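Asker: Below is the file coords_28.txt, which contains compact mmCIF, C-alpha atoms.
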```txt
# COMPACT_ATOMS: atom_id res chain seq x y z
CA MET A 1 -26.92 80.97 29.26
CA PRO A 2 -26.84 80.85 33.07
CA SER A 3 -26.53 77.57 34.93
CA LEU A 4 -29.65 76.27 36.65
CA ASP A 5 -29.75 77.27 40.30
CA THR A 6 -30.53 73.92 41.92
CA GLU A 7 -30.96 75.42 45.38
CA PHE A 8 -33.61 77.83 44.08
CA VAL A 9 -35.32 75.05 42.13
CA ARG A 10 -35.54 72.69 45.10
CA ALA A 11 -36.99 75.48 47.24
CA GLN A 12 -40.04 75.47 44.92
CA PHE A 13 -40.87 71.86 45.87
CA PRO A 14 -42.26 71.17 49.36
CA ALA A 15 -41.12 67.54 49.13
CA PHE A 16 -37.52 68.59 49.65
CA ALA A 17 -38.41 70.14 53.01
CA GLU A 18 -40.66 67.25 54.08
CA PRO A 19 -39.19 65.55 57.20
CA SER A 20 -40.40 62.08 56.22
CA LEU A 21 -38.46 62.28 52.93
CA GLN A 22 -35.17 63.44 54.38
CA GLY A 23 -32.30 61.14 53.51
CA GLN A 24 -34.12 59.83 50.45
CA ALA A 25 -32.97 60.49 46.88
CA PHE A 26 -35.78 60.28 44.34
CA PHE A 27 -34.94 58.43 41.12
CA GLU A 28 -38.39 57.34 39.94
CA ASN A 29 -39.43 60.62 38.37
CA ALA A 30 -40.50 58.86 35.16
CA GLY A 31 -43.32 57.36 37.23
CA GLY A 32 -44.39 60.75 38.55
CA SER A 33 -42.57 63.90 39.63
CA TYR A 34 -42.72 65.82 42.86
CA THR A 35 -45.39 68.55 42.79
CA CYS A 36 -44.28 72.17 42.78
CA GLY A 37 -45.50 74.61 45.40
CA PRO A 38 -47.61 76.82 43.10
CA VAL A 39 -49.69 73.81 42.00
CA ILE A 40 -50.32 72.77 45.61
CA ALA A 41 -51.27 76.35 46.55
CA ARG A 42 -53.74 76.64 43.67
CA LEU A 43 -55.25 73.24 44.37
CA THR A 44 -55.69 74.12 48.05
CA ARG A 45 -57.28 77.47 47.20
CA PHE A 46 -59.73 75.87 44.78
CA TYR A 47 -60.86 73.29 47.33
CA HIS A 48 -61.13 75.93 50.05
CA GLN A 49 -62.72 78.75 48.09
CA ARG A 50 -64.08 77.55 44.72
CA LYS A 51 -65.38 74.00 45.19
CA VAL A 52 -68.53 74.63 43.21
CA GLN A 53 -69.76 74.00 39.68
CA PRO A 54 -67.86 76.55 37.56
CA TYR A 55 -69.30 79.20 35.23
CA ALA A 56 -72.54 79.78 37.17
CA PRO A 57 -73.64 83.41 37.77
CA TYR A 58 -72.29 83.78 41.31
CA GLU A 59 -68.85 84.88 42.44
CA ALA A 60 -67.32 81.64 43.72
CA SER A 61 -68.38 79.84 40.56
CA GLN A 62 -67.17 82.62 38.27
CA LEU A 63 -63.80 82.67 40.01
CA GLY A 64 -63.51 78.91 39.72
CA GLY A 65 -64.24 78.98 36.00
CA ALA A 66 -61.78 81.83 35.52
CA GLU A 67 -59.04 79.80 37.19
CA MET A 68 -59.75 76.83 34.91
CA ASP A 69 -59.64 79.11 31.87
CA GLU A 70 -56.41 80.65 33.12
CA ALA A 71 -54.74 77.24 33.26
CA ARG A 72 -55.76 76.37 29.70
CA ASP A 73 -54.85 79.77 28.26
CA ARG A 74 -51.48 80.03 29.98
CA LEU A 75 -50.43 76.49 29.12
CA ALA A 76 -51.45 77.13 25.52
CA ALA A 77 -49.49 80.39 25.33
CA MET A 78 -46.44 78.67 26.80
CA MET A 79 -46.58 75.92 24.16
CA GLY A 80 -47.33 78.27 21.27
CA VAL A 81 -50.91 77.21 20.48
CA ALA A 82 -54.42 78.69 20.76
CA GLY A 83 -56.24 78.31 24.06
CA ASP A 84 -58.89 75.97 22.73
CA GLU A 85 -56.21 73.62 21.32
CA VAL A 86 -55.46 72.43 24.88
CA SER A 87 -57.74 69.79 26.40
CA PHE A 88 -57.70 68.13 29.82
CA GLY A 89 -58.67 64.57 30.65
CA PRO A 90 -58.34 62.09 33.52
CA SER A 91 -55.10 60.55 32.19
CA THR A 92 -53.06 60.24 29.03
CA SER A 93 -54.17 56.61 28.67
CA ALA A 94 -57.82 57.68 28.76
CA ASN A 95 -57.19 60.56 26.37
CA THR A 96 -55.49 58.25 23.88
CA TYR A 97 -58.40 55.82 24.08
CA VAL A 98 -60.86 58.60 23.19
CA LEU A 99 -58.70 59.71 20.29
CA ALA A 100 -58.55 56.15 18.96
CA GLN A 101 -62.34 56.02 18.85
CA ALA A 102 -62.38 59.24 16.85
CA PHE A 103 -59.87 57.89 14.32
CA ARG A 104 -61.81 54.63 14.08
CA GLN A 105 -64.92 56.56 13.05
CA TRP A 106 -63.10 58.92 10.71
CA MET A 107 -60.70 56.73 8.73
CA PRO A 108 -62.01 55.28 5.45
CA SER A 109 -61.87 51.57 4.74
CA GLY A 110 -58.40 50.47 3.67
CA SER A 111 -56.60 53.01 5.84
CA ALA A 112 -53.44 52.16 7.77
CA VAL A 113 -51.95 53.33 11.06
CA VAL A 114 -48.25 53.33 11.90
CA VAL A 115 -47.23 52.48 15.47
CA THR A 116 -43.83 51.71 16.97
CA ASN A 117 -42.50 49.02 19.25
CA GLN A 118 -40.58 51.65 21.22
CA ASP A 119 -43.71 52.84 23.00
CA HIS A 120 -45.19 52.61 26.44
CA GLU A 121 -48.30 50.49 25.94
CA ALA A 122 -50.69 53.40 26.51
CA ASN A 123 -49.65 55.00 23.22
CA THR A 124 -49.61 51.85 21.14
CA GLY A 125 -52.20 49.41 22.50
CA VAL A 126 -55.26 51.48 21.63
CA TRP A 127 -54.02 52.13 18.11
CA ARG A 128 -53.17 48.47 17.57
CA ARG A 129 -56.73 47.53 18.53
CA LEU A 130 -57.96 49.40 15.48
CA ALA A 131 -57.07 46.20 13.62
CA ASP A 132 -60.30 44.81 15.12
CA ALA A 133 -62.16 47.40 13.03
CA GLY A 134 -60.42 46.27 9.85
CA PHE A 135 -57.63 48.84 9.68
CA GLU A 136 -54.07 47.85 8.84
CA ILE A 137 -51.50 48.31 11.61
CA ARG A 138 -47.94 48.86 10.43
CA GLU A 139 -45.16 48.54 12.98
CA TRP A 140 -42.17 50.87 12.78
CA ARG A 141 -39.52 48.83 14.56
CA ILE A 142 -36.55 49.76 16.69
CA ASP A 143 -33.03 48.50 16.25
CA PRO A 144 -32.88 45.38 18.47
CA GLN A 145 -29.41 46.26 19.75
CA THR A 146 -29.73 49.97 20.46
CA GLY A 147 -33.46 50.70 20.64
CA HIS A 148 -33.00 53.43 18.02
CA LEU A 149 -36.05 54.38 15.94
CA ASP A 150 -34.70 55.21 12.49
CA PRO A 151 -36.76 57.71 10.43
CA ALA A 152 -35.42 56.07 7.26
CA ALA A 153 -37.36 52.95 8.21
CA LEU A 154 -40.57 54.99 8.37
CA ALA A 155 -40.44 56.11 4.74
CA PRO A 156 -41.43 52.76 3.14
CA LEU A 157 -44.32 52.42 5.59
CA LEU A 158 -45.74 55.71 4.26
CA ALA A 159 -45.03 55.14 0.57
CA ASP A 160 -48.44 53.93 -0.65
CA GLY A 161 -50.43 56.85 0.79
CA LYS A 162 -52.76 54.68 2.89
CA VAL A 163 -51.47 55.77 6.29
CA ARG A 164 -53.78 58.20 8.11
CA LEU A 165 -51.95 58.35 11.44
CA VAL A 166 -48.39 57.94 12.71
CA ALA A 167 -48.27 57.42 16.50
CA PHE A 168 -44.83 57.53 18.14
CA PRO A 169 -43.08 58.67 21.32
CA HIS A 170 -41.02 61.81 21.79
CA CYS A 171 -38.85 59.47 23.80
CA SER A 172 -39.37 55.99 25.22
CA ASN A 173 -39.80 55.43 28.95
CA VAL A 174 -37.06 52.77 28.89
CA VAL A 175 -34.89 53.53 25.83
CA GLY A 176 -34.69 57.23 26.66
CA GLU A 177 -33.46 58.35 23.22
CA ILE A 178 -34.99 61.65 22.07
CA ASN A 179 -36.63 61.10 18.71
CA PRO A 180 -36.50 63.79 15.97
CA VAL A 181 -40.14 64.79 16.27
CA ALA A 182 -40.09 67.65 13.76
CA GLU A 183 -38.50 65.46 11.08
CA ILE A 184 -40.95 62.61 11.65
CA CYS A 185 -43.98 64.91 11.65
CA ALA A 186 -42.84 66.49 8.39
CA MET A 187 -42.51 63.05 6.80
CA ALA A 188 -45.99 62.05 7.95
CA ARG A 189 -47.55 65.32 6.80
CA ALA A 190 -46.01 64.96 3.36
CA ALA A 191 -47.61 61.51 3.15
CA GLY A 192 -51.04 62.86 4.14
CA ALA A 193 -51.03 61.45 7.68
CA PHE A 194 -51.74 63.03 11.05
CA THR A 195 -49.27 62.56 13.91
CA CYS A 196 -49.88 61.70 17.56
CA VAL A 197 -46.81 62.18 19.74
CA ASP A 198 -46.61 60.60 23.17
CA GLY A 199 -44.74 63.24 25.14
CA VAL A 200 -45.26 61.70 28.58
CA SER A 201 -41.60 60.74 28.96
CA TYR A 202 -40.20 63.93 27.45
CA ALA A 203 -42.38 66.78 28.78
CA PRO A 204 -40.92 66.53 32.34
CA HIS A 205 -37.64 67.68 30.78
CA GLY A 206 -39.15 70.68 29.04
CA PHE A 207 -42.65 71.53 27.87
CA PRO A 208 -43.10 71.22 24.09
CA ASP A 209 -42.88 74.09 21.64
CA MET A 210 -45.65 73.00 19.30
CA PRO A 211 -44.92 75.18 16.24
CA THR A 212 -41.36 73.85 16.19
CA LEU A 213 -42.36 70.21 16.60
CA GLY A 214 -45.18 70.32 14.06
CA ALA A 215 -47.24 67.55 15.69
CA ASP A 216 -51.00 67.39 15.17
CA ILE A 217 -51.55 65.86 18.61
CA TYR A 218 -49.17 65.96 21.58
CA LEU A 219 -49.99 64.13 24.81
CA PHE A 220 -48.43 64.36 28.26
CA SER A 221 -49.28 63.87 31.92
CA ALA A 222 -49.39 66.75 34.38
CA TYR A 223 -48.45 64.53 37.32
CA LYS A 224 -45.10 63.92 35.63
CA THR A 225 -44.60 67.62 34.91
CA TYR A 226 -44.81 68.85 38.53
CA GLY A 227 -48.61 69.09 38.57
CA PRO A 228 -51.80 67.19 39.47
CA HIS A 229 -53.02 63.90 38.00
CA GLN A 230 -54.42 65.14 34.70
CA GLY A 231 -53.75 64.13 31.12
CA ILE A 232 -53.12 67.09 28.84
CA MET A 233 -53.76 66.97 25.10
CA VAL A 234 -52.67 69.54 22.56
CA ILE A 235 -54.82 68.99 19.47
CA ARG A 236 -54.21 71.37 16.59
CA ARG A 237 -57.34 72.83 15.09
CA ASP A 238 -57.20 71.25 11.63
CA CYS A 239 -56.90 67.79 13.15
CA GLY A 240 -59.33 68.33 16.02
CA MET A 241 -62.12 69.72 13.86
CA THR A 242 -61.62 67.02 11.23
CA LEU A 243 -62.04 64.12 13.64
CA PRO A 244 -65.60 63.37 14.80
CA ASN A 245 -66.81 64.80 18.09
CA GLN A 246 -66.53 62.36 21.02
CA ALA A 247 -68.32 64.48 23.59
CA HIS A 248 -71.91 65.66 24.08
CA TYR A 249 -73.39 66.65 20.73
CA PHE A 250 -74.04 70.20 21.89
CA ASN A 251 -70.32 70.67 22.67
CA GLY A 252 -69.22 69.63 19.21
CA ASP A 253 -68.25 73.12 18.11
CA VAL A 254 -65.91 73.67 21.10
CA LEU A 255 -62.50 72.22 20.29
CA PHE A 256 -61.30 71.70 23.86
CA LYS A 257 -64.49 69.79 24.70
CA ARG A 258 -64.68 67.54 21.63
CA PHE A 259 -62.42 64.84 23.05
CA THR A 260 -63.48 65.03 26.68
CA PRO A 261 -66.60 62.84 26.97
CA ALA A 262 -66.52 62.89 30.78
CA GLY A 263 -66.17 65.98 32.91
CA PRO A 264 -62.54 66.44 34.04
CA ASP A 265 -61.56 67.41 37.59
CA HIS A 266 -62.18 71.15 37.96
CA ALA A 267 -59.77 71.71 40.82
CA GLN A 268 -56.91 69.89 39.12
CA ILE A 269 -57.43 71.81 35.89
CA ALA A 270 -57.25 75.09 37.81
CA ALA A 271 -54.13 73.88 39.62
CA CYS A 272 -52.35 73.24 36.30
CA ALA A 273 -51.77 76.99 36.04
CA GLY A 274 -49.28 76.43 38.85
CA MET A 275 -47.01 74.58 36.42
CA VAL A 276 -46.79 77.78 34.38
CA ASP A 277 -46.22 79.78 37.57
CA TYR A 278 -43.22 77.53 38.19
CA ILE A 279 -41.78 77.97 34.69
CA ASP A 280 -42.25 81.73 34.98
CA ALA A 281 -40.54 81.76 38.40
CA LEU A 282 -37.54 79.91 36.97
CA HIS A 283 -37.35 82.39 34.11
CA ALA A 284 -37.58 85.42 36.37
CA HIS A 285 -34.87 84.05 38.67
CA HIS A 286 -32.41 83.09 35.93
CA PHE A 287 -33.11 85.87 33.44
CA PRO A 288 -33.87 88.95 35.58
CA GLY A 289 -34.93 92.02 33.65
CA GLN A 290 -35.45 90.02 30.48
CA PRO A 291 -39.16 90.09 29.72
CA ALA A 292 -40.31 87.66 27.10
CA ASP A 293 -43.52 86.23 25.77
CA PRO A 294 -44.68 82.94 27.32
CA ARG A 295 -43.38 80.81 24.47
CA ALA A 296 -39.92 82.39 24.71
CA ARG A 297 -39.89 81.93 28.50
CA ASN A 298 -40.74 78.28 28.02
CA ALA A 299 -37.94 77.84 25.49
CA ALA A 300 -35.36 79.46 27.76
CA VAL A 301 -36.36 77.35 30.77
CA HIS A 302 -36.46 74.22 28.63
CA ASP A 303 -32.84 74.81 27.66
CA LEU A 304 -31.86 75.45 31.30
CA MET A 305 -33.45 72.17 32.37
CA ARG A 306 -31.88 70.14 29.60
CA ALA A 307 -28.41 71.58 30.20
CA LYS A 308 -28.60 70.66 33.88
CA GLU A 309 -29.95 67.20 33.11
CA ARG A 310 -27.14 66.47 30.65
CA GLU A 311 -24.62 67.51 33.28
CA LEU A 312 -26.22 65.16 35.81
CA THR A 313 -26.74 62.24 33.46
CA GLN A 314 -23.33 61.76 31.86
CA PRO A 315 -21.51 60.59 35.01
CA LEU A 316 -24.17 57.94 35.60
CA LEU A 317 -24.02 56.78 31.97
CA ASP A 318 -20.22 56.55 32.14
CA TYR A 319 -20.40 54.53 35.34
CA LEU A 320 -22.98 52.11 33.96
CA ALA A 321 -21.24 51.72 30.59
CA ALA A 322 -18.02 50.72 32.39
CA ARG A 323 -19.69 47.81 34.19
CA ASN A 324 -19.70 44.39 32.56
CA ASP A 325 -22.49 42.94 34.69
CA LEU A 326 -25.39 44.89 33.16
CA ARG A 327 -26.69 46.19 29.86
CA LEU A 328 -27.31 49.91 29.52
CA ILE A 329 -30.38 50.51 27.36
CA GLY A 330 -30.32 53.39 24.89
CA PRO A 331 -27.73 56.06 24.04
CA ARG A 332 -24.56 56.44 26.08
CA ARG A 333 -24.34 60.19 25.50
CA ALA A 334 -26.50 62.46 27.64
CA THR A 335 -26.97 64.82 24.71
CA ASP A 336 -28.98 62.16 22.87
CA ARG A 337 -31.39 61.15 25.60
CA ALA A 338 -33.62 62.10 28.47
CA PRO A 339 -32.39 61.23 31.98
CA THR A 340 -34.51 58.08 32.12
CA VAL A 341 -31.87 55.39 32.36
CA ALA A 342 -32.79 51.70 32.22
CA VAL A 343 -30.41 48.79 32.73
CA ALA A 344 -31.00 45.09 32.19
CA LEU A 345 -29.43 42.86 34.83
CA ASP A 346 -28.75 39.15 35.15
CA ARG A 347 -31.58 38.91 37.68
CA ALA A 348 -35.02 40.34 38.35
CA ALA A 349 -34.89 44.12 38.63
CA GLU A 350 -37.55 44.70 41.27
CA PRO A 351 -35.60 43.14 44.17
CA VAL A 352 -32.60 45.26 43.19
CA ALA A 353 -34.76 48.38 43.42
CA ALA A 354 -35.90 47.21 46.85
CA ALA A 355 -32.28 46.76 47.90
CA LEU A 356 -31.49 50.30 46.77
CA ALA A 357 -34.33 51.58 48.94
CA ALA A 358 -32.42 50.37 51.98
CA HIS A 359 -29.68 52.82 50.95
CA GLY A 360 -32.07 55.74 50.60
CA ILE A 361 -32.48 55.46 46.83
CA MET A 362 -36.04 55.58 45.50
CA ALA A 363 -35.97 53.81 42.12
CA GLY A 364 -38.13 51.35 40.19
CA GLY A 365 -37.80 47.86 38.76
CA GLY A 366 -40.12 46.12 36.31
CA ASN A 367 -41.33 46.43 32.74
CA PHE A 368 -43.02 49.85 33.17
CA TYR A 369 -45.67 48.91 30.56
CA ALA A 370 -42.83 48.84 28.03
CA VAL A 371 -43.20 45.14 27.30
CA ARG A 372 -42.90 45.55 23.53
CA PRO A 373 -39.62 47.50 23.47
CA LEU A 374 -38.06 45.25 26.09
CA ALA A 375 -39.00 42.14 24.12
CA ALA A 376 -37.69 43.72 20.91
CA LEU A 377 -34.39 44.42 22.68
CA GLY A 378 -34.14 40.81 23.85
CA VAL A 379 -34.79 41.71 27.49
CA ASP A 380 -37.04 39.35 29.42
CA PRO A 381 -40.04 41.50 30.46
CA GLY A 382 -40.52 39.15 33.40
CA LEU A 383 -37.14 40.19 34.80
CA GLY A 384 -37.68 43.78 33.70
CA VAL A 385 -35.15 46.57 34.00
CA LEU A 386 -33.86 48.74 36.79
CA ARG A 387 -34.95 52.28 35.91
CA LEU A 388 -33.15 55.30 37.31
CA SER A 389 -35.01 58.43 36.27
CA PHE A 390 -34.48 61.99 37.34
CA VAL A 391 -35.16 65.58 36.32
CA HIS A 392 -33.59 69.00 36.67
CA TYR A 393 -34.19 69.25 40.42
CA THR A 394 -31.98 66.25 41.13
CA SER A 395 -28.69 67.30 42.74
CA PRO A 396 -25.16 66.16 41.84
CA SER A 397 -24.75 64.77 45.36
CA GLU A 398 -27.82 62.59 44.84
CA VAL A 399 -26.32 61.16 41.65
CA ASP A 400 -23.13 60.43 43.60
CA ARG A 401 -25.19 58.67 46.27
CA LEU A 402 -26.94 56.62 43.60
CA ILE A 403 -23.65 55.46 42.10
CA SER A 404 -22.30 54.53 45.55
CA ALA A 405 -25.48 52.59 46.33
CA LEU A 406 -25.29 50.76 42.99
CA ASP A 407 -21.70 49.78 43.80
CA ARG A 408 -22.87 48.14 47.03
CA VAL A 409 -26.07 46.55 45.72
CA LEU A 410 -24.73 45.16 42.43
CA GLU A 411 -21.58 43.57 43.89
```
For this file, produce the structure as structure tokens.
Answerer:
Amino acid sequence: MPSLDTEFVRAQFPAFAEPSLQGQAFFENAGGSYTCGPVIARLTRFYHQRKVQPYAPYEASQLGGAEMDEARDRLAAMMGVAGDEVSFGPSTSANTYVLAQAFRQWMPSGSAVVVTNQDHEANTGVWRRLADAGFEIREWRIDPQTGHLDPAALAPLLADGKVRLVAFPHCSNVVGEINPVAEICAMARAAGAFTCVDGVSYAPHGFPDMPTLGADIYLFSAYKTYGPHQGIMVIRRDCGMTLPNQAHYFNGDVLFKRFTPAGPDHAQIAACAGMVDYIDALHAHHFPGQPADPRARNAAVHDLMRAKERELTQPLLDYLAARNDLRLIGPRRATDRAPTVAVALDRAAEPVAAALAAHGIMAGGGNFYAVRPLAALGVDPGLGVLRLSFVHYTSPSEVDRLISALDRVLE
């Protein structure tokens, strides 16, 4: 496998040529990535040439609708699902809320839902509120020392056959460990439960291959995967057509509309095709003359991204693990985690992030809506953690700059 060409990658992102951002190294990608050029170009074109109600019988409208359909179909092909199994919404938080209402209506009395305390609040809070409707909420808990979510601890929660849904993250936005999604989904399916996977913190490191993962629902945010501010839901047909329609009654037979009660942003949906343009450009550059179907291209680029990220992450993990004035959260091996690296300090994290900014390091401090996992790990959510998050476009020199800045700020 070739090595990722960082120079080529960074040329696809206008932010790296932006004068106002020169001298700044971006390490808050878990809060939102830079936007790739193809997305910006498609968004600009839609606003300039297609800003009309789509699907009407005139050219501008037909072209606008075709671009929205293109985004859905190409994303679906890349992830290995049917076109109508991809839905767009205003955010992942909003999408999860709508799904929770569907499960509330569908589940019979006496049903249970499994959630974890490793999650960002958006993928646990709405499910936990189902207790208000009389459903049992069972918490699958992390190891309080490591943050690890052990599949063996899930088995007894599923044993009585009452669980209808298991909601868990592909990886946590503070722990960073990559959970074995396929194994967990197989366990849930065998117990008669659907699965909802929060992929917000993993998808920036490689779009999901849905047949391999086996999830019934997979959620992620386009603004963290180099695109516009949309929430993207993959809902497999058996699950989506089983749950009650949450949209207009006359759209109930259209899978991609069933869980979108409010009209999503047309221009941003169309622009999401630019994310696929970017993946295809990476494939063409690194694998010239090797045509492949969209799912295979996605898999190849996923592996390129992850290899580069592991290479970038391990030096930072080694540096942090060697310090005795902080606590590194999550795995110490880059092979086991995403490059979202959180550390607990002996002081509030936000002022430390501000101090790093003076050295040209853009990072974040706080609880990042991960109050439950931090509390479970014995970290004061009020102090929060310093989070250093990056993706495949980060350069080795930027990681070196980060480590040098940490040396100065933490002394």
Asker: For the atom pair atom CA of Phe390 of chain A and atom CA of Ala25 of chain A, what is the interatomic distance in Å to one decimal place?
Answerer: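 One can read the atom CA of Phe390 of chain A to atom CA of Ala25 of chain A distance as 9.8 Å.
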Asker: Might you pull out every residue within 10 Å of Arg236 of chain A, with all atoms listed in the file counted and same-chain residues fewer than 5 positions away left off, and present them as a PDB file with C-alpha atoms, keeping the file's coordinate frame?
Answerer:
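Saved as part22.pdb:
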```pdb
ATOM      1  CA  VAL A  81     -50.910  77.210  20.480  1.00  0.00           C
ATOM      2  CA  ALA A  82     -54.420  78.690  20.760  1.00  0.00           C
ATOM      3  CA  ASP A  84     -58.890  75.970  22.730  1.00  0.00           C
ATOM      4  CA  GLU A  85     -56.210  73.620  21.320  1.00  0.00           C
ATOM      5  CA  VAL A  86     -55.460  72.430  24.880  1.00  0.00           C
ATOM      6  CA  MET A 210     -45.650  73.000  19.300  1.00  0.00           C
ATOM      7  CA  GLY A 214     -45.180  70.320  14.060  1.00  0.00           C
ATOM      8  CA  ALA A 215     -47.240  67.550  15.690  1.00  0.00           C
ATOM      9  CA  ASP A 216     -51.000  67.390  15.170  1.00  0.00           C
ATOM     10  CA  ILE A 217     -51.550  65.860  18.610  1.00  0.00           C
ATOM     11  CA  TYR A 218     -49.170  65.960  21.580  1.00  0.00           C
ATOM     12  CA  MET A 241     -62.120  69.720  13.860  1.00  0.00           C
ATOM     13  CA  LEU A 255     -62.500  72.220  20.290  1.00  0.00           C
TER      14      LEU A 255
END
```
Asker: Do a neighbour search on Arg372 of chain A at 9 Å with all atoms listed in the file, toss out local chain neighbours closer than 6 positions, and write the hits as number ranges by chain.
Answerer: A: 117-121, 381
Asker: Write to file, as a compact mmCIF listing (two decimals), in the frame of the given file, the residues of the selection just made, with C-alpha atoms.
Answerer:
```txt
# COMPACT_ATOMS: atom_id res chain seq x y z
CA ASN A 117 -42.50 49.02 19.25
CA GLN A 118 -40.58 51.65 21.22
CA ASP A 119 -43.71 52.84 23.00
CA HIS A 120 -45.19 52.61 26.44
CA GLU A 121 -48.30 50.49 25.94
CA PRO A 381 -40.04 41.50 30.46
```
Asker: Please indicate the distance in Å from atom CA of Asn123 of chain A to atom CA of Gly110 of chain A, rounded to one decimal place.
Answerer: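 One can read the atom CA of Asn123 of chain A to atom CA of Gly110 of chain A distance as 21.9 Å.
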Asker: When you look at Arg72 of chain A with a cut-off of 12 Å (counting all atoms listed in the file), what residues show up, excluding the ones that are within fewer than 5 positions of it in the same chain? I need them as a PyMOL selection string.
Answerer: chain A and resi 65-67+77-79+81-88+232-234+256+266+268-276
Asker: Applying 10 Å and all atoms listed in the file, which residues near segment 150-158 of chain A remain after dropping the ones on its own chain fewer than 5 positions away? List them as a list of chain:residue names.
Answerer: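 Counting only the stated atoms, we get A:Ala112, A:Val113, A:Val114, A:Thr116, A:Arg138, A:Glu139, A:Trp140, A:Arg141, A:Ile142, A:Asp143, A:Val163, A:Arg164, A:Leu165, A:Val166, A:Asn179, A:Pro180, A:Val181, A:Glu183, A:Ile184, A:Met187, A:Ala188, A:Ala190, A:Ala191, A:Gly192, A:Ala193.
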Asker: What does the distance from atom CA of Asn245 of chain A to atom CA of Tyr202 of chain A come to in Å, to one decimal?
Answerer: 28.2 Å
Asker: For each of A:Arg327, A:Arg74, A:Arg337, A:Lys224, take the minimum atom-to-atom distance to Val385 of chain A, counting all atoms listed in the file, then give the residue where this is smallest.
Answerer: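 Using all atoms listed in the file, Val385 of chain A sits closest to A:Arg327.
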Asker: Between A:Ala338, A:Val39, A:Val126, A:Leu388, which residue has the minimum interatomic distance to Lys308 of chain A, considering all atoms listed in the file?
Answerer: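 Answer, going by the shortest atom-to-atom distance: A:Ala338.
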Asker: Which is closest to Leu243 of chain A among A:Phe26, A:Tyr58, A:Phe259, A:Tyr226, if we use all atoms listed in the file?
Answerer: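 With all atoms listed in the file as the atom set, the closest residue is A:Phe259.
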Asker: I need the residue nearest Phe16 of chain A from this list: A:Cys36, A:Ile361, A:Leu345, A:Glu177. Use only C-alpha atoms for the distance.
Answerer: A:Cys36
Asker: Leaving out Gln145 of chain A and any residue of its chain fewer than 6 positions from it, which residues lie within 10 Å of it when counting only C-alpha atoms, given as a short mmCIF file (atom, residue, chain, number, x, y, z; two decimals) with C-alpha atoms, in the coordinates of the input?
Answerer:
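Final output, out.cif:
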```
data_model
loop_
_atom_site.label_atom_id
_atom_site.label_comp_id
_atom_site.auth_asym_id
_atom_site.auth_seq_id
_atom_site.Cartn_x
_atom_site.Cartn_y
_atom_site.Cartn_z
CA ILE A 329 -30.38 50.51 27.36
CA GLY A 330 -30.32 53.39 24.89
CA ALA A 376 -37.69 43.72 20.91
CA LEU A 377 -34.39 44.42 22.68
CA GLY A 378 -34.14 40.81 23.85
#
```
Asker: Around (-37.5, 84.4, 30.0) in the file's own coordinates, what residues are found within 12 Å if you use all atoms listed in the file, given back as a PDB file with C-alpha atoms, in the coordinates of the input?
Answerer:
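See result_32.pdb below for the written result:
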```
ATOM      1  CA  MET A   1     -26.920  80.970  29.260  1.00  0.00           C
ATOM      2  CA  PRO A   2     -26.840  80.850  33.070  1.00  0.00           C
ATOM      3  CA  MET A  78     -46.440  78.670  26.800  1.00  0.00           C
ATOM      4  CA  ILE A 279     -41.780  77.970  34.690  1.00  0.00           C
ATOM      5  CA  ASP A 280     -42.250  81.730  34.980  1.00  0.00           C
ATOM      6  CA  ALA A 281     -40.540  81.760  38.400  1.00  0.00           C
ATOM      7  CA  LEU A 282     -37.540  79.910  36.970  1.00  0.00           C
ATOM      8  CA  HIS A 283     -37.350  82.390  34.110  1.00  0.00           C
ATOM      9  CA  ALA A 284     -37.580  85.420  36.370  1.00  0.00           C
ATOM     10  CA  HIS A 285     -34.870  84.050  38.670  1.00  0.00           C
ATOM     11  CA  HIS A 286     -32.410  83.090  35.930  1.00  0.00           C
ATOM     12  CA  PHE A 287     -33.110  85.870  33.440  1.00  0.00           C
ATOM     13  CA  PRO A 288     -33.870  88.950  35.580  1.00  0.00           C
ATOM     14  CA  GLY A 289     -34.930  92.020  33.650  1.00  0.00           C
ATOM     15  CA  GLN A 290     -35.450  90.020  30.480  1.00  0.00           C
ATOM     16  CA  PRO A 291     -39.160  90.090  29.720  1.00  0.00           C
ATOM     17  CA  ALA A 292     -40.310  87.660  27.100  1.00  0.00           C
ATOM     18  CA  ASP A 293     -43.520  86.230  25.770  1.00  0.00           C
ATOM     19  CA  PRO A 294     -44.680  82.940  27.320  1.00  0.00           C
ATOM     20  CA  ARG A 295     -43.380  80.810  24.470  1.00  0.00           C
ATOM     21  CA  ALA A 296     -39.920  82.390  24.710  1.00  0.00           C
ATOM     22  CA  ARG A 297     -39.890  81.930  28.500  1.00  0.00           C
ATOM     23  CA  ASN A 298     -40.740  78.280  28.020  1.00  0.00           C
ATOM     24  CA  ALA A 299     -37.940  77.840  25.490  1.00  0.00           C
ATOM     25  CA  ALA A 300     -35.360  79.460  27.760  1.00  0.00           C
ATOM     26  CA  VAL A 301     -36.360  77.350  30.770  1.00  0.00           C
ATOM     27  CA  HIS A 302     -36.460  74.220  28.630  1.00  0.00           C
ATOM     28  CA  ASP A 303     -32.840  74.810  27.660  1.00  0.00           C
ATOM     29  CA  LEU A 304     -31.860  75.450  31.300  1.00  0.00           C
TER      30      LEU A 304
END
```
Asker: Given the choices A:Cys239, A:Gln22, A:Thr44, A:Phe27, which gets closest to Ile403 of chain A if the distance is worked out from all atoms listed in the file?
Answerer: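 Nearest candidate to Ile403 of chain A out of A:Cys239, A:Gln22, A:Thr44, A:Phe27: A:Phe27.
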Asker: Using all atoms listed in the file, which of A:Ala182, A:Gly125, A:Pro108, A:Arg387 sits nearest Leu213 of chain A?
Answerer: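 Checking each candidate against Leu213 of chain A, we get A:Ala182 as the closest.
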